[in-house]
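> Please find model-v4.cif (mmCIF, C-alpha atoms) on the next line:
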data_target
#
loop_
_atom_site.label_atom_id
_atom_site.label_comp_id
_atom_site.auth_asym_id
_atom_site.auth_seq_id
_atom_site.Cartn_x
_atom_site.Cartn_y
_atom_site.Cartn_z
CA MET A 1 116.70 70.14 121.55
CA ASN A 2 118.96 71.31 124.38
CA MET A 3 122.18 72.83 123.13
CA GLU A 4 125.32 73.78 125.01
CA ASN A 5 125.11 77.15 126.68
CA LYS A 6 127.06 79.80 124.81
CA ILE A 7 129.02 82.72 126.23
CA LYS A 8 127.50 86.13 125.48
CA CYS A 9 130.06 88.33 127.23
CA VAL A 10 133.71 87.97 128.27
CA VAL A 11 134.66 90.04 131.32
CA TRP A 12 138.38 90.84 131.51
CA ASP A 13 140.73 91.79 134.28
CA LEU A 14 143.39 94.28 133.11
CA ASP A 15 146.77 93.87 134.86
CA ASN A 16 148.63 90.77 133.71
CA THR A 17 145.56 89.69 131.79
CA ILE A 18 144.67 92.06 128.95
CA TRP A 19 148.18 93.43 129.17
CA ASP A 20 151.39 92.22 130.78
CA GLY A 21 152.40 94.43 133.72
CA THR A 22 150.69 96.48 136.43
CA LEU A 23 149.32 99.89 135.51
CA LEU A 24 149.57 101.61 138.92
CA GLU A 25 153.12 100.43 139.43
CA GLY A 26 154.22 102.23 136.28
CA ASP A 27 155.28 99.06 134.44
CA ASN A 28 155.98 99.07 130.74
CA LEU A 29 152.69 97.51 129.71
CA VAL A 30 152.65 95.00 126.85
CA PHE A 31 149.46 94.31 124.89
CA THR A 32 150.10 91.13 122.96
CA ALA A 33 148.97 90.29 119.45
CA GLN A 34 147.34 87.17 120.92
CA ASN A 35 145.05 89.19 123.17
CA GLU A 36 144.21 91.67 120.42
CA ASN A 37 143.25 88.75 118.20
CA ILE A 38 141.06 87.21 120.94
CA ILE A 39 139.17 90.46 121.50
CA LYS A 40 138.59 91.15 117.81
CA THR A 41 137.76 87.56 116.89
CA LEU A 42 135.18 87.15 119.64
CA ASP A 43 133.71 90.55 118.80
CA SER A 44 133.28 89.46 115.17
CA ARG A 45 131.38 86.39 116.44
CA GLY A 46 128.93 88.58 118.34
CA ILE A 47 130.45 87.96 121.78
CA LEU A 48 130.59 91.12 123.88
CA HIS A 49 133.46 92.29 126.09
CA SER A 50 133.55 94.10 129.41
CA ILE A 51 136.01 94.76 132.25
CA ALA A 52 136.11 93.99 135.98
CA SER A 53 139.38 95.49 137.22
CA LYS A 54 140.67 96.91 140.48
CA ASN A 55 142.27 100.02 139.10
CA GLU A 56 141.93 103.77 138.85
CA TYR A 57 139.26 104.42 136.21
CA SER A 58 140.69 107.39 134.32
CA HIS A 59 144.20 105.87 134.05
CA ALA A 60 142.83 102.55 132.84
CA LYS A 61 140.56 104.21 130.31
CA GLU A 62 143.44 106.31 129.00
CA GLN A 63 145.58 103.21 128.54
CA LEU A 64 142.81 101.31 126.76
CA GLU A 65 142.22 104.30 124.48
CA THR A 66 145.94 104.42 123.71
CA LEU A 67 145.75 100.76 122.71
CA LYS A 68 142.67 101.61 120.57
CA ILE A 69 140.49 98.98 122.24
CA TRP A 70 138.40 101.06 124.70
CA ASP A 71 135.35 100.95 122.39
CA TYR A 72 135.24 97.14 122.55
CA PHE A 73 134.24 97.16 126.23
CA LEU A 74 130.65 97.69 127.34
CA CYS A 75 129.74 98.85 130.85
CA PRO A 76 133.33 98.52 132.17
CA GLN A 77 133.62 98.24 135.97
CA ILE A 78 136.98 99.73 136.93
CA ASN A 79 136.90 100.31 140.69
CA TRP A 80 137.97 98.74 143.98
CA ASN A 81 134.89 96.64 144.59
CA PRO A 82 134.84 92.82 144.66
CA LYS A 83 135.00 91.39 141.15
CA SER A 84 131.77 89.47 141.77
CA ASN A 85 129.93 92.76 142.39
CA SER A 86 131.31 94.20 139.18
CA ILE A 87 130.25 91.15 137.18
CA LYS A 88 126.72 91.32 138.59
CA LYS A 89 126.49 94.97 137.54
CA ILE A 90 127.66 94.10 134.03
CA ALA A 91 125.09 91.31 133.75
CA GLU A 92 122.33 93.65 134.92
CA ALA A 93 123.40 96.46 132.59
CA LEU A 94 123.52 94.14 129.57
CA ASN A 95 120.42 92.23 130.72
CA ILE A 96 122.07 88.83 130.30
CA GLY A 97 122.29 85.82 132.57
CA LEU A 98 125.34 85.15 134.74
CA ASP A 99 125.62 81.73 133.14
CA SER A 100 126.38 83.42 129.81
CA ILE A 101 129.41 85.31 131.19
CA ALA A 102 133.06 84.22 131.16
CA PHE A 103 135.51 85.93 133.54
CA ILE A 104 139.26 86.03 132.80
CA ASP A 105 141.77 86.93 135.51
CA ASP A 106 145.37 86.09 136.40
CA SER A 107 144.72 86.00 140.15
CA PRO A 108 143.66 82.67 141.72
CA TYR A 109 142.18 84.67 144.61
CA GLU A 110 139.93 86.75 142.32
CA ILE A 111 138.86 83.66 140.39
CA GLU A 112 137.94 81.84 143.59
CA GLU A 113 136.04 84.86 144.90
CA VAL A 114 133.93 84.92 141.71
CA LYS A 115 133.47 81.14 141.69
CA TYR A 116 132.23 81.24 145.29
CA SER A 117 129.92 84.23 144.86
CA LEU A 118 128.74 83.56 141.30
CA PRO A 119 129.04 79.82 140.56
CA GLU A 120 127.15 80.25 137.27
CA VAL A 121 130.01 82.30 135.76
CA THR A 122 132.62 80.48 133.66
CA CYS A 123 136.04 81.38 135.12
CA ILE A 124 139.22 81.20 133.03
CA ASN A 125 142.76 81.68 134.32
CA ALA A 126 144.70 84.16 132.18
CA GLY A 127 147.41 81.51 131.78
CA HIS A 128 144.99 79.66 129.47
CA LEU A 129 144.20 82.59 127.19
CA HIS A 130 145.59 80.68 124.21
CA ASP A 131 142.64 78.25 124.53
CA VAL A 132 139.84 80.84 124.63
CA ILE A 133 139.07 81.21 120.92
CA ASP A 134 138.75 77.46 120.46
CA MET A 135 136.47 76.83 123.46
CA ALA A 136 133.12 75.35 122.36
CA CYS A 137 131.18 77.91 124.39
CA MET A 138 132.90 80.71 122.43
CA GLN A 139 131.86 79.39 119.03
CA PRO A 140 128.33 80.19 117.84
CA ASN A 141 126.88 77.80 115.29
CA PHE A 142 126.42 80.68 112.85
CA ILE A 143 127.70 84.24 112.54
CA THR A 144 124.79 86.37 111.36
CA GLU A 145 124.49 90.05 110.48
CA ASP A 146 123.02 90.59 113.93
CA SER A 147 126.09 88.87 115.42
CA LYS A 148 128.46 91.15 113.54
CA ASN A 149 126.54 94.24 114.64
CA ARG A 150 125.83 93.14 118.22
CA ARG A 151 128.31 95.48 119.93
CA ALA A 152 126.98 98.47 117.97
CA MET A 153 123.41 97.53 118.86
CA TYR A 154 124.29 97.29 122.55
CA GLN A 155 126.11 100.61 122.38
CA ALA A 156 122.96 102.15 120.89
CA ASP A 157 120.99 100.59 123.77
CA ILE A 158 123.34 102.21 126.27
CA THR A 159 122.81 105.58 124.57
CA ARG A 160 119.04 105.11 124.71
CA LYS A 161 119.24 104.30 128.42
CA GLU A 162 121.40 107.34 129.16
CA ILE A 163 118.95 109.62 127.35
CA GLU A 164 115.99 107.94 129.04
CA ASP A 165 117.56 108.53 132.47
CA ILE A 166 117.70 112.30 131.87
CA PHE A 167 114.41 112.52 129.96
CA GLU A 168 111.97 114.86 131.70
CA GLY A 169 108.47 113.49 131.42
CA PRO A 170 106.52 110.23 131.61
CA LYS A 171 108.13 107.03 130.36
CA GLU A 172 105.38 106.72 127.75
CA GLU A 173 106.47 110.02 126.23
CA PHE A 174 110.07 108.87 126.00
CA ILE A 175 109.04 105.62 124.30
CA LYS A 176 106.88 107.60 121.87
CA SER A 177 109.85 109.84 121.08
CA LEU A 178 111.84 106.81 119.89
CA LYS A 179 109.62 106.55 116.76
CA MET A 180 109.77 102.77 116.77
CA LYS A 181 109.04 100.65 113.71
CA PHE A 182 108.13 97.02 114.39
CA ASN A 183 108.08 94.61 111.47
CA ILE A 184 106.70 91.07 111.31
CA LYS A 185 107.15 88.67 108.42
CA LYS A 186 107.23 85.00 107.55
CA ALA A 187 110.81 83.81 108.11
CA GLN A 188 112.77 83.22 104.92
CA LEU A 189 115.76 80.95 104.40
CA GLU A 190 118.17 83.82 105.07
CA ASP A 191 116.50 84.44 108.47
CA LEU A 192 116.93 80.93 109.84
CA LYS A 193 120.49 81.30 111.13
CA ARG A 194 119.38 84.26 113.23
CA ALA A 195 116.25 82.34 114.31
CA GLU A 196 118.41 79.48 115.58
CA GLU A 197 120.66 81.98 117.34
CA LEU A 198 117.66 83.54 119.07
CA THR A 199 116.42 80.18 120.39
CA ILE A 200 119.89 79.41 121.77
CA ARG A 201 120.57 82.83 123.29
CA THR A 202 117.10 83.67 124.65
CA HIS A 203 116.14 82.12 127.99
CA GLN A 204 114.24 84.72 130.02
CA LEU A 205 111.70 85.61 127.33
CA ASN A 206 111.21 82.13 125.85
CA THR A 207 107.81 80.52 126.45
CA THR A 208 109.06 76.93 126.37
CA GLY A 209 112.85 77.09 126.75
CA TYR A 210 113.11 75.02 123.56
CA THR A 211 116.03 75.50 121.19
CA TYR A 212 115.82 74.55 117.54
CA SER A 213 118.59 73.75 115.09
CA TYR A 214 118.89 75.33 111.67
CA ASP A 215 117.71 72.09 110.05
CA GLU A 216 114.64 71.89 112.30
CA LEU A 217 113.76 75.50 111.52
CA CYS A 218 114.22 74.78 107.81
CA SER A 219 111.64 72.01 108.00
CA PHE A 220 109.16 74.33 109.74
CA GLN A 221 109.80 77.12 107.26
CA GLU A 222 109.11 74.81 104.32
CA SER A 223 106.01 73.20 105.85
CA ASP A 224 102.44 74.27 105.03
CA ARG A 225 101.46 73.11 108.51
CA TYR A 226 103.59 75.68 110.36
CA ARG A 227 104.19 79.39 110.26
CA LEU A 228 107.58 80.58 111.48
CA LEU A 229 107.42 84.33 112.04
CA ILE A 230 110.34 86.65 112.69
CA ALA A 231 110.15 90.20 114.01
CA GLY A 232 112.53 93.14 113.81
CA LEU A 233 112.65 96.55 115.48
CA ASP A 234 114.13 99.92 114.53
CA ASP A 235 113.97 103.37 116.06
CA LYS A 236 115.59 106.76 115.57
CA PHE A 237 118.85 105.51 117.12
CA GLY A 238 119.19 102.59 114.71
CA SER A 239 118.26 98.94 114.41
CA TYR A 240 117.74 96.45 117.24
CA GLY A 241 118.01 93.71 114.60
CA LYS A 242 115.81 90.62 114.52
CA ILE A 243 114.47 90.39 118.06
CA GLY A 244 111.59 87.92 118.12
CA ILE A 245 110.29 84.69 116.63
CA SER A 246 107.11 82.67 116.88
CA LEU A 247 106.38 79.15 115.67
CA ILE A 248 102.70 78.42 115.08
CA GLU A 249 101.22 75.05 114.19
CA CYS A 250 98.27 75.87 111.93
CA GLU A 251 95.45 73.33 111.69
CA LYS A 252 92.10 74.00 110.04
CA ASP A 253 90.26 74.82 113.27
CA GLU A 254 93.10 75.53 115.69
CA TRP A 255 96.39 77.42 115.77
CA LYS A 256 98.86 76.39 118.45
CA VAL A 257 101.77 78.67 119.38
CA LYS A 258 104.61 76.19 119.88
CA LEU A 259 107.26 78.82 120.60
CA PHE A 260 107.17 82.53 121.31
CA LEU A 261 110.28 84.45 122.32
CA MET A 262 111.67 87.98 122.40
CA SER A 263 115.18 89.29 122.89
CA CYS A 264 115.84 90.58 126.39
CA ARG A 265 117.13 93.83 124.89
CA VAL A 266 113.58 94.95 124.02
CA ILE A 267 111.89 93.88 127.24
CA SER A 268 111.06 97.48 128.20
CA ARG A 269 109.65 98.50 124.81
CA GLY A 270 106.36 96.61 124.97
CA VAL A 271 106.83 95.00 121.58
CA GLY A 272 106.30 91.48 122.91
CA ASN A 273 102.64 92.29 123.48
CA VAL A 274 102.41 93.83 120.01
CA PHE A 275 103.78 90.65 118.43
CA LEU A 276 101.42 88.44 120.45
CA ASN A 277 98.43 90.67 119.69
CA TYR A 278 99.15 90.38 115.97
CA ILE A 279 98.94 86.58 116.25
CA ILE A 280 95.73 86.88 118.28
CA GLU A 281 94.09 89.18 115.74
CA SER A 282 95.16 86.96 112.84
CA ALA A 283 93.56 83.95 114.55
CA ARG A 284 90.43 85.97 115.30
CA ASN A 285 90.13 86.94 111.63
CA LYS A 286 90.54 83.29 110.58
CA LYS A 287 87.95 82.24 113.20
CA VAL A 288 90.18 79.51 114.62
CA ARG A 289 90.81 78.42 118.19
CA LEU A 290 94.11 79.81 119.49
CA THR A 291 96.17 77.86 122.01
CA ALA A 292 99.75 78.11 123.21
CA GLU A 293 102.23 75.74 124.80
CA PHE A 294 104.11 76.94 127.85
CA LYS A 295 106.85 75.14 129.75
CA HIS A 296 107.79 76.71 133.07
CA THR A 297 111.52 77.22 133.58
CA ASP A 298 113.44 79.02 136.31
CA LYS A 299 113.80 82.08 134.04
CA ASN A 300 110.66 82.61 131.96
CA ARG A 301 108.02 83.71 134.46
CA LEU A 302 107.63 87.03 132.65
CA MET A 303 106.49 85.25 129.49
CA TYR A 304 103.85 83.35 131.46
CA ALA A 305 102.62 86.68 132.80
CA THR A 306 102.57 88.03 129.23
CA TYR A 307 100.29 85.21 128.12
CA LYS A 308 98.00 85.60 131.13
CA PHE A 309 97.82 89.38 130.80
CA ALA A 310 96.95 89.02 127.09
CA GLY A 311 93.97 86.79 127.92
CA PHE A 312 95.23 83.20 127.77
CA LYS A 313 93.91 80.70 130.34
CA ASP A 314 95.41 77.39 131.50
CA ILE A 315 93.33 74.46 130.29
CA GLU A 316 95.56 71.41 130.80
CA GLU A 317 99.07 70.19 131.60
CA LYS A 318 100.79 67.17 130.11
CA ASN A 319 104.39 65.96 130.55
CA GLY A 320 105.35 69.23 132.20
CA VAL A 321 103.98 71.40 129.37
CA SER A 322 100.96 73.64 130.01
CA LEU A 323 98.39 74.29 127.29
CA LEU A 324 96.78 77.72 127.36
CA GLU A 325 93.80 78.96 125.34
CA TYR A 326 92.97 82.51 124.32
CA ASP A 327 89.62 83.99 125.32
CA PHE A 328 88.31 85.83 122.27
CA ASN A 329 85.87 87.79 124.43
CA ILE A 330 88.87 89.94 125.32
CA ASN A 331 89.67 92.79 122.95
CA THR A 332 93.21 93.56 121.81
CA SER A 333 94.77 96.88 120.88
CA PHE A 334 97.99 98.18 119.41
CA PRO A 335 99.86 101.17 120.91
CA ASP A 336 99.99 104.31 118.81
CA TYR A 337 103.68 104.85 119.54
CA ILE A 338 104.77 101.91 117.35
CA GLU A 339 104.52 101.89 113.57
CA LEU A 340 103.66 98.37 112.39
CA GLU A 341 105.07 96.95 109.18
CA ILE A 342 103.47 93.56 108.53
CA GLU A 343 104.02 91.32 105.53
CA SER A 344 100.63 90.93 103.87
CA ASN A 345 100.69 87.24 102.93
CA ILE A 346 101.77 85.51 106.17
CA PHE A 347 98.48 83.68 106.68
CA MET A 348 97.07 83.69 103.14
CA ARG A 349 97.14 80.04 102.10
CA ASP A 350 93.85 78.12 101.90
CA GLU A 351 95.15 75.38 104.22
CA ILE A 352 95.05 77.81 107.14
#
Just dump the structure as structure tokens.


Amino acid sequence: MNMENKIKCVVWDLDNTIWDGTLLEGDNLVFTAQNENIIKTLDSRGILHSIASKNEYSHAKEQLETLKIWDYFLCPQINWNPKSNSIKKIAEALNIGLDSIAFIDDSPYEIEEVKYSLPEVTCINAGHLHDVIDMACMQPNFITEDSKNRRAMYQADITRKEIEDIFEGPKEEFIKSLKMKFNIKKAQLEDLKRAEELTIRTHQLNTTGYTYSYDELCSFQESDRYRLLIAGLDDKFGSYGKIGISLIECEKDEWKVKLFLMSCRVISRGVGNVFLNYIIESARNKKVRLTAEFKHTDKNRLMYATYKFAGFKDIEEKNGVSLLEYDFNINTSFPDYIELEIESNIFMRDEI
């Protein structure tokens, strides 16, 4: 079930990369149709763009605005720092892994500096720009509505963060002010492309690290034995899109959570615990044993902590996969700052 790692963000140099010529030397800069097509095509696929350039910020921004492409770039790092430092800041700001970033530059020195400091980053010489669109890592299996809106959703996230940074008061009050609406439903056929995308893109908040193909998810969605749940989140700034999925194997006396994951973009909103508590309460109401599989990876420690904090205990390990069981002596609760919208018939069939 392992699939090739996909690029989530392309980080561009400016001089002799995005445009031909050097800005500070007063060259007549040329922005080619090829580069415009690359930026817009990747954006339409849900791949983000940013900048790591050694330049003067205001002049570079002015030029990018003149070219009408400034809005395509998130968290641009236009300064005189090492490119590797800039790329790390971009990864942190977007909350994505370095192994999901591609860096494009015309300078062999800059490319080598990034390769040495950040070996996880995919480095591309600007002389090979004509190959970028066709690279396998730049081609998602599906282009979903969330893909098409990804840049806008990240821009909304940036706005939220800026407002949070200047918010006077406890963090809990800021979160309450967002007026979040969290919805959970049984995944339908039209949700499966996004569900596959989530399993491929989500590594940090994935309890097993498993990825599932569209066809595999189809079989789960059609089976009476499994429940494939998908969760979405909205607030006063707009939609976060579909941000979580859970796959539950439902036997008569036991439910086993085979997969539980949440998008990294909502890590600070506490909705992962809300989603998990809904599953716990549903199992409690059905009077079934609730277990969960967990496979430790180098990135998903937070999800293990989420299970443990919720009340799951390790009971066995087999072939590198831990089995945890929920202790129903522990009470669950839902925060009052999130409005829950839950489909009523998720667990209504007699078989479960």

> Determine the residue membership of the PyMOL selection byres ((chain A and resi 295) around 12) for the file above and supply it as a PyMOL selection string.

chain A and resi 203+205-210+258-260+292-294+296-301+303-304+314+316-324

> For the structure shown, which residues end up in the PyMOL selection byres ((chain A and resi 268) around 12)? Put them as a PyMOL selection string, please?

chain A and resi 95+157+160-161+164+171-172+174-175+205+262-267+269-273+302

> Select, from A:Ile78, A:Arg150, A:Ala136, A:Asn345, the residue with the minimum atom-to-atom distance to Ser282 (chain A), counting all atoms listed in the file.

A:Asn345

> So what do you get for CA of Val274 (chain A) versus CA of Tyr337 (chain A), distance-wise?

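Straight-line distance from CA of Val274 (chain A) to CA of Tyr337 (chain A) works out to 11.1 Å.
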
> Counting all atoms listed in the file, find residues at most 9 Å from (133.5, 92.7, 141.0) (file frame) and give them as a tab-separated table (two decimals) with C-alpha atoms, keeping the file's coordinate frame.


chain	number	residue	atom	x	y	z
A	52	ALA	CA	136.11	93.99	135.98
A	53	SER	CA	139.38	95.49	137.22
A	54	LYS	CA	140.67	96.91	140.48
A	77	GLN	CA	133.62	98.24	135.97
A	78	ILE	CA	136.98	99.73	136.93
A	79	ASN	CA	136.90	100.31	140.69
A	80	TRP	CA	137.97	98.74	143.98
A	81	ASN	CA	134.89	96.64	144.59
A	82	PRO	CA	134.84	92.82	144.66
A	83	LYS	CA	135.00	91.39	141.15
A	84	SER	CA	131.77	89.47	141.77
A	85	ASN	CA	129.93	92.76	142.39
A	86	SER	CA	131.31	94.20	139.18
A	87	ILE	CA	130.25	91.15	137.18
A	88	LYS	CA	126.72	91.32	138.59
A	89	LYS	CA	126.49	94.97	137.54
A	110	GLU	CA	139.93	86.75	142.32
A	114	VAL	CA	133.93	84.92	141.71

> Excluding Ile51 (chain A) and its own-chain neighbours fewer than 2 positions away, which residues fall within 9 Å of it when counting all atoms listed in the file? Please give them as a PyMOL selection string.

chain A and resi 10-14+49+53+73-78+86-87+90+103

> Counting only C-alpha atoms, figure out which residue out of A:Ile69, A:Ala187, A:Ile243, A:Leu198 gets nearest to Phe220 (chain A).

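When distances to Phe220 (chain A) are compared using only C-alpha atoms, the smallest one comes from A:Ala187.
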
> Might you pull out every residue within 12 Å of Asp191 (chain A), with only C-alpha atoms counted and same-chain residues fewer than 5 positions away left off, and present them as a short mmCIF file (atom, residue, chain, number, x, y, z; two decimals) with C-alpha atoms, keeping the file's coordinate frame?


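Wrote selection_9.cif, looks like this:
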data_model
loop_
_atom_site.label_atom_id
_atom_site.label_comp_id
_atom_site.auth_asym_id
_atom_site.auth_seq_id
_atom_site.Cartn_x
_atom_site.Cartn_y
_atom_site.Cartn_z
CA PHE A 142 126.42 80.68 112.85
CA ILE A 143 127.70 84.24 112.54
CA THR A 144 124.79 86.37 111.36
CA GLU A 145 124.49 90.05 110.48
CA ASP A 146 123.02 90.59 113.93
CA LYS A 185 107.15 88.67 108.42
CA LYS A 186 107.23 85.00 107.55
CA GLU A 196 118.41 79.48 115.58
CA GLU A 197 120.66 81.98 117.34
CA LEU A 198 117.66 83.54 119.07
CA TYR A 214 118.89 75.33 111.67
CA LEU A 217 113.76 75.50 111.52
CA CYS A 218 114.22 74.78 107.81
CA GLN A 221 109.80 77.12 107.26
CA LEU A 228 107.58 80.58 111.48
CA LEU A 229 107.42 84.33 112.04
CA ILE A 230 110.34 86.65 112.69
CA ALA A 231 110.15 90.20 114.01
CA GLY A 232 112.53 93.14 113.81
CA GLY A 241 118.01 93.71 114.60
CA LYS A 242 115.81 90.62 114.52
CA ILE A 243 114.47 90.39 118.06
CA GLY A 244 111.59 87.92 118.12
CA ILE A 245 110.29 84.69 116.63
#

> Residues within 6 Å of Leu233 (chain A), please, as a VMD selection string. Count all atoms listed in the file; anything in the same chain fewer than 3 positions from it doesn't count.

chain A and resid 181 to 182 240

> What does the distance between CA of Lys236 (chain A) and CA of Lys176 (chain A) come to in Å, to one decimal place?

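Distance reported for this atom pair: 10.8 Å.
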
> Give the answer as one residue: which of A:Glu190, A:Ser44, A:Lys6, A:Ala126 has the shortest atom-to-atom distance to Trp19 (chain A), using only C-alpha atoms?

A:Ala126

> I need the residue nearest Lys68 (chain A) from this list: A:Ser100, A:Leu129, A:Leu118, A:Phe31. Use only C-alpha atoms for the distance.

A:Phe31

> What does the structure give for the distance between CA of Tyr278 (chain A) and CA of Glu249 (chain A), in Å to one decimal?

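Computing it gives 15.6 Å between the two atoms.
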
> Reconstruct N, CA, C and O atoms of region 205-218 of chain A from the incomplete input and present them as a PDB file, in the frame of the given file.


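See result18.pdb below for the written result:
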ATOM      1  N   LEU A 205     112.917  85.285 128.063  1.00  0.00           N
ATOM      2  CA  LEU A 205     111.700  85.610 127.330  1.00  0.00           C
ATOM      3  C   LEU A 205     111.398  84.534 126.293  1.00  0.00           C
ATOM      4  O   LEU A 205     111.110  84.808 125.136  1.00  0.00           O
ATOM      5  N   ASN A 206     111.457  83.288 126.706  1.00  0.00           N
ATOM      6  CA  ASN A 206     111.210  82.130 125.850  1.00  0.00           C
ATOM      7  C   ASN A 206     110.108  81.304 126.507  1.00  0.00           C
ATOM      8  O   ASN A 206     110.273  80.828 127.627  1.00  0.00           O
ATOM      9  N   THR A 207     108.979  81.122 125.825  1.00  0.00           N
ATOM     10  CA  THR A 207     107.810  80.520 126.450  1.00  0.00           C
ATOM     11  C   THR A 207     107.970  79.034 126.755  1.00  0.00           C
ATOM     12  O   THR A 207     107.221  78.489 127.568  1.00  0.00           O
ATOM     13  N   THR A 208     108.896  78.360 126.121  1.00  0.00           N
ATOM     14  CA  THR A 208     109.060  76.930 126.370  1.00  0.00           C
ATOM     15  C   THR A 208     110.488  76.543 126.750  1.00  0.00           C
ATOM     16  O   THR A 208     110.713  75.444 127.255  1.00  0.00           O
ATOM     17  N   GLY A 209     111.447  77.435 126.508  1.00  0.00           N
ATOM     18  CA  GLY A 209     112.850  77.090 126.750  1.00  0.00           C
ATOM     19  C   GLY A 209     113.428  76.202 125.666  1.00  0.00           C
ATOM     20  O   GLY A 209     114.588  75.810 125.734  1.00  0.00           O
ATOM     21  N   TYR A 210     112.618  75.883 124.631  1.00  0.00           N
ATOM     22  CA  TYR A 210     113.110  75.020 123.560  1.00  0.00           C
ATOM     23  C   TYR A 210     114.148  75.749 122.712  1.00  0.00           C
ATOM     24  O   TYR A 210     114.071  76.959 122.510  1.00  0.00           O
ATOM     25  N   THR A 211     115.116  74.994 122.213  1.00  0.00           N
ATOM     26  CA  THR A 211     116.030  75.500 121.190  1.00  0.00           C
ATOM     27  C   THR A 211     115.849  74.644 119.952  1.00  0.00           C
ATOM     28  O   THR A 211     115.551  73.452 120.035  1.00  0.00           O
ATOM     29  N   TYR A 212     115.999  75.260 118.799  1.00  0.00           N
ATOM     30  CA  TYR A 212     115.820  74.550 117.540  1.00  0.00           C
ATOM     31  C   TYR A 212     117.055  74.739 116.672  1.00  0.00           C
ATOM     32  O   TYR A 212     117.620  75.839 116.586  1.00  0.00           O
ATOM     33  N   SER A 213     117.451  73.685 116.001  1.00  0.00           N
ATOM     34  CA  SER A 213     118.590  73.750 115.090  1.00  0.00           C
ATOM     35  C   SER A 213     118.165  74.380 113.771  1.00  0.00           C
ATOM     36  O   SER A 213     116.970  74.489 113.456  1.00  0.00           O
ATOM     37  N   TYR A 214     119.144  74.766 112.998  1.00  0.00           N
ATOM     38  CA  TYR A 214     118.890  75.330 111.670  1.00  0.00           C
ATOM     39  C   TYR A 214     118.068  74.365 110.832  1.00  0.00           C
ATOM     40  O   TYR A 214     117.103  74.762 110.153  1.00  0.00           O
ATOM     41  N   ASP A 215     118.422  73.081 110.857  1.00  0.00           N
ATOM     42  CA  ASP A 215     117.710  72.090 110.050  1.00  0.00           C
ATOM     43  C   ASP A 215     116.252  71.944 110.497  1.00  0.00           C
ATOM     44  O   ASP A 215     115.346  71.808 109.659  1.00  0.00           O
ATOM     45  N   GLU A 216     116.015  71.971 111.811  1.00  0.00           N
ATOM     46  CA  GLU A 216     114.640  71.890 112.300  1.00  0.00           C
ATOM     47  C   GLU A 216     113.841  73.110 111.851  1.00  0.00           C
ATOM     48  O   GLU A 216     112.685  72.991 111.408  1.00  0.00           O
ATOM     49  N   LEU A 217     114.448  74.285 111.947  1.00  0.00           N
ATOM     50  CA  LEU A 217     113.760  75.500 111.520  1.00  0.00           C
ATOM     51  C   LEU A 217     113.490  75.486 110.021  1.00  0.00           C
ATOM     52  O   LEU A 217     112.461  75.985 109.570  1.00  0.00           O
ATOM     53  N   CYS A 218     114.409  74.924 109.260  1.00  0.00           N
ATOM     54  CA  CYS A 218     114.220  74.780 107.810  1.00  0.00           C
ATOM     55  C   CYS A 218     112.957  73.970 107.521  1.00  0.00           C
ATOM     56  O   CYS A 218     112.161  74.326 106.649  1.00  0.00           O
TER      57      CYS A 218
END
